[in-house]
Amino acid sequence: DVKVTQSSRYLVKRTGEKVFLECVQDMDHENMFWYRQDPGLGLRLIYFSYDVKMKEKGDIPEGYSVSREKKERFSLILESASTNQTSMYLCASCLTSAAGELFFGEGSRLTVL
Amino acid sequence: AQSVTQPDIHITVSEGASLELRCNYSYGATPYLFWYVQSPGQGLQLLLKYFSGDTLVQGIKGFEAEFKRSQSSFNLRKPSVHWSDAAEYFCAVGDNFNKFYFGSGTKLNVKP
């Protein structure tokens with residue numbers, strides 16, 4: 001069964017802390033994504049990566065960075081967490097092909113105090 | 001620009017009643033269309049997808065959706081709702097470059 005695993009389901013951090021959210025997929029997918037989900041706003045794309053060490057900004061990249069050193073792992077980094085980054089973060093992956101579907105992890109709920 | 005609209009934020013239906021969730025999209029080319037479901041505290045699970053061919057697609061859990069190009073719609077339907085269908089539902093459009101655009105979601109409540 002295909003799997004996208006997010007390392008932390010729940011995190012509580014303080015303002016100014018550096019935060020790492022890890023995501024691993026076991027499907028050999030080229031593309032990986034980080035979304036942020038907030039009530040009433042749906043899913044908003046933060047960053048995506050189409051290959052190792054390759055990344056592109058999504059719709060809301062400010063305050064975030066990403067790292068993809070290996071094909072199966074895609075990390076989201078909050079250099080200095082702020083309260084407005086309190087949210088649910090969803091990682092997803094898909095094959096590089098037309099009409100490839102997204103596979104999602106279970107999400108990481110981050111609270112910044 | 002691509003966009004997806006789900007006009008209903010909340011919907012409540014009685015168990016056993018039929019369901020239709022609306023989705024309208026804006027996309028210049030032939031879209032790839034998806035419906036995902038999210039149970040509380042969980043990630044998103046694919047219900048069904050449309051790429052080409054028959055405009056009525058069947059998915060898991062008894063759901064179906066119909067693509068209507070003239071109306072730019074991809075509405076999700078189920079003939080008889082079960083209490084376990086209570087969740088949030090997201091419509092999405094994908095393009096040829098593996099970018100996906102999501103609607104804001106519709107929360108479904110099911111009355112006993």
# chains A, B, ... in the order shown; residues from 1 in each chain; ligands from 1

call {"tool": "select_by_dssp", "arguments": {"residues": "chain A", "states": "strand (DSSP E)", "output": "NGL selection string"}}
result
:A and (4-6 or 10-13 or 19-25 or 31-38 or 42-51 or 54-57 or 65-70 or 73-78 or 87-94 or 103-104 or 108-112)

call {"tool": "interface_residues", "arguments": {"of": "chain B", "to": "chain A", "cutoff": "8 Å", "atoms": "only C-alpha atoms", "output": "PyMOL selection string"}}
result
chain B and resi 9+32+41-46+51+90+94-98+102-105

call {"tool": "residues_around", "arguments": {"residues": "Val81 in chain B", "least_positions_apart": "4", "cutoff": "9 Å", "atoms": "only C-alpha atoms", "output": "PyMOL selection string"}}
result
chain B and resi 13-19+85-86+110

call {"tool": "residues_around", "arguments": {"residues": "Phe63 in chain B", "least_positions_apart": "2", "cutoff": "12 Å", "atoms": "only C-alpha atoms", "output": "list of chain:residue names"}}
result
B:Ser18, B:Leu19, B:Glu20, B:Leu21, B:Trp35, B:Tyr36, B:Val37, B:Leu46, B:Leu47, B:Leu48, B:Lys49, B:Leu56, B:Val57, B:Gln58, B:Gly59, B:Ile60, B:Lys61, B:Ala65, B:Glu66, B:Asn75, B:Leu76, B:Arg77, B:Lys78, B:Pro79, B:Ser80, B:Val81, B:His82, B:Asp85, B:Tyr89

call {"tool": "write_last_selection", "arguments": {"atoms": "N, CA, C and O atoms", "output": "short mmCIF file (atom, residue, chain, number, x, y, z; two decimals), in the first residue's frame"}}
result
data_model
loop_
_atom_site.label_atom_id
_atom_site.label_comp_id
_atom_site.auth_asym_id
_atom_site.auth_seq_id
_atom_site.Cartn_x
_atom_site.Cartn_y
_atom_site.Cartn_z
N SER B 18 -30.23 11.48 -0.44
CA SER B 18 -29.24 11.65 -1.51
C SER B 18 -28.41 12.90 -1.25
O SER B 18 -28.80 13.80 -0.50
N LEU B 19 -27.26 12.93 -1.91
CA LEU B 19 -26.31 14.02 -1.68
C LEU B 19 -25.77 14.52 -3.02
O LEU B 19 -25.50 13.72 -3.92
N GLU B 20 -25.63 15.83 -3.15
CA GLU B 20 -24.89 16.39 -4.27
C GLU B 20 -24.05 17.55 -3.76
O GLU B 20 -24.57 18.50 -3.15
N LEU B 21 -22.77 17.48 -3.98
CA LEU B 21 -21.84 18.55 -3.63
C LEU B 21 -21.37 19.21 -4.92
O LEU B 21 -20.92 18.54 -5.84
N TRP B 35 -11.98 14.52 -6.70
CA TRP B 35 -12.66 14.74 -5.43
C TRP B 35 -11.90 13.97 -4.35
O TRP B 35 -11.62 12.78 -4.51
N TYR B 36 -11.61 14.70 -3.26
CA TYR B 36 -10.96 14.10 -2.11
C TYR B 36 -11.87 14.24 -0.90
O TYR B 36 -12.66 15.19 -0.79
N VAL B 37 -11.71 13.32 0.06
CA VAL B 37 -12.45 13.38 1.31
C VAL B 37 -11.44 13.41 2.47
O VAL B 37 -10.39 12.77 2.42
N LEU B 46 -8.34 10.11 -1.89
CA LEU B 46 -8.97 10.27 -3.20
C LEU B 46 -10.26 9.47 -3.27
O LEU B 46 -10.29 8.28 -2.97
N LEU B 47 -11.35 10.14 -3.67
CA LEU B 47 -12.63 9.47 -3.89
C LEU B 47 -12.77 9.02 -5.34
O LEU B 47 -13.21 7.90 -5.61
N LEU B 48 -12.45 9.93 -6.25
CA LEU B 48 -12.56 9.61 -7.67
C LEU B 48 -11.83 10.67 -8.47
O LEU B 48 -11.46 11.72 -7.94
N LYS B 49 -11.64 10.36 -9.77
CA LYS B 49 -10.93 11.28 -10.64
C LYS B 49 -11.47 11.17 -12.06
O LYS B 49 -11.96 10.12 -12.47
N LEU B 56 -19.24 10.45 -16.65
CA LEU B 56 -19.74 10.00 -15.34
C LEU B 56 -18.72 9.01 -14.80
O LEU B 56 -18.49 7.95 -15.38
N VAL B 57 -18.12 9.36 -13.67
CA VAL B 57 -17.08 8.51 -13.11
C VAL B 57 -17.53 7.97 -11.76
O VAL B 57 -18.19 8.65 -10.98
N GLN B 58 -17.14 6.74 -11.53
CA GLN B 58 -17.48 6.08 -10.27
C GLN B 58 -16.26 6.09 -9.36
O GLN B 58 -15.12 5.97 -9.82
N GLY B 59 -16.52 6.23 -8.08
CA GLY B 59 -15.43 6.24 -7.13
C GLY B 59 -15.65 5.23 -6.01
O GLY B 59 -16.50 4.35 -6.09
N ILE B 60 -14.88 5.43 -4.96
CA ILE B 60 -15.02 4.54 -3.81
C ILE B 60 -16.18 4.97 -2.93
O ILE B 60 -16.69 6.08 -3.08
N LYS B 61 -16.60 4.09 -2.05
CA LYS B 61 -17.64 4.37 -1.06
C LYS B 61 -18.97 4.74 -1.69
O LYS B 61 -19.78 5.42 -1.06
N ALA B 65 -19.33 11.12 -9.79
CA ALA B 65 -19.28 12.53 -10.17
C ALA B 65 -19.47 12.64 -11.67
O ALA B 65 -19.10 11.74 -12.42
N GLU B 66 -20.03 13.75 -12.08
CA GLU B 66 -20.29 13.97 -13.50
C GLU B 66 -19.58 15.24 -13.97
O GLU B 66 -19.75 16.31 -13.38
N ASN B 75 -19.70 17.88 -10.23
CA ASN B 75 -20.45 17.69 -8.99
C ASN B 75 -20.37 16.25 -8.50
O ASN B 75 -20.44 15.30 -9.29
N LEU B 76 -20.26 16.13 -7.21
CA LEU B 76 -20.15 14.82 -6.55
C LEU B 76 -21.52 14.39 -6.06
O LEU B 76 -22.25 15.20 -5.47
N ARG B 77 -21.86 13.12 -6.25
CA ARG B 77 -23.18 12.64 -5.84
C ARG B 77 -23.07 11.30 -5.12
O ARG B 77 -22.13 10.52 -5.33
N LYS B 78 -24.06 11.06 -4.28
CA LYS B 78 -24.23 9.75 -3.66
C LYS B 78 -25.72 9.54 -3.44
O LYS B 78 -26.38 10.41 -2.90
N PRO B 79 -26.26 8.40 -3.85
CA PRO B 79 -27.70 8.19 -3.78
C PRO B 79 -28.23 8.05 -2.35
O PRO B 79 -29.37 8.44 -2.08
N SER B 80 -27.42 7.52 -1.44
CA SER B 80 -27.90 7.29 -0.08
C SER B 80 -26.74 7.48 0.89
O SER B 80 -25.79 6.69 0.92
N VAL B 81 -26.82 8.52 1.68
CA VAL B 81 -25.70 8.88 2.57
C VAL B 81 -25.72 8.07 3.85
O VAL B 81 -26.79 7.80 4.42
N HIS B 82 -24.54 7.69 4.29
CA HIS B 82 -24.35 6.96 5.53
C HIS B 82 -23.72 7.88 6.56
O HIS B 82 -23.01 8.82 6.20
N ASP B 85 -20.19 8.99 6.23
CA ASP B 85 -19.79 9.92 5.17
C ASP B 85 -19.56 11.34 5.69
O ASP B 85 -19.07 12.20 4.95
N TYR B 89 -15.14 17.58 2.15
CA TYR B 89 -14.91 17.15 0.78
C TYR B 89 -14.28 18.29 -0.03
O TYR B 89 -14.74 19.43 0.04
#

call {"tool": "residues_around", "arguments": {"residues": "Tyr47 in chain A", "least_positions_apart": "5", "cutoff": "8 Å", "atoms": "only C-alpha atoms", "output": "number ranges by chain"}}
result
A: 33-35, 55-61, 65-66

call {"tool": "atom_distance", "arguments": {"atom1": "CA of Glu17 in chain A", "atom2": "CA of Val52 in chain A"}}
result
26.6 Å
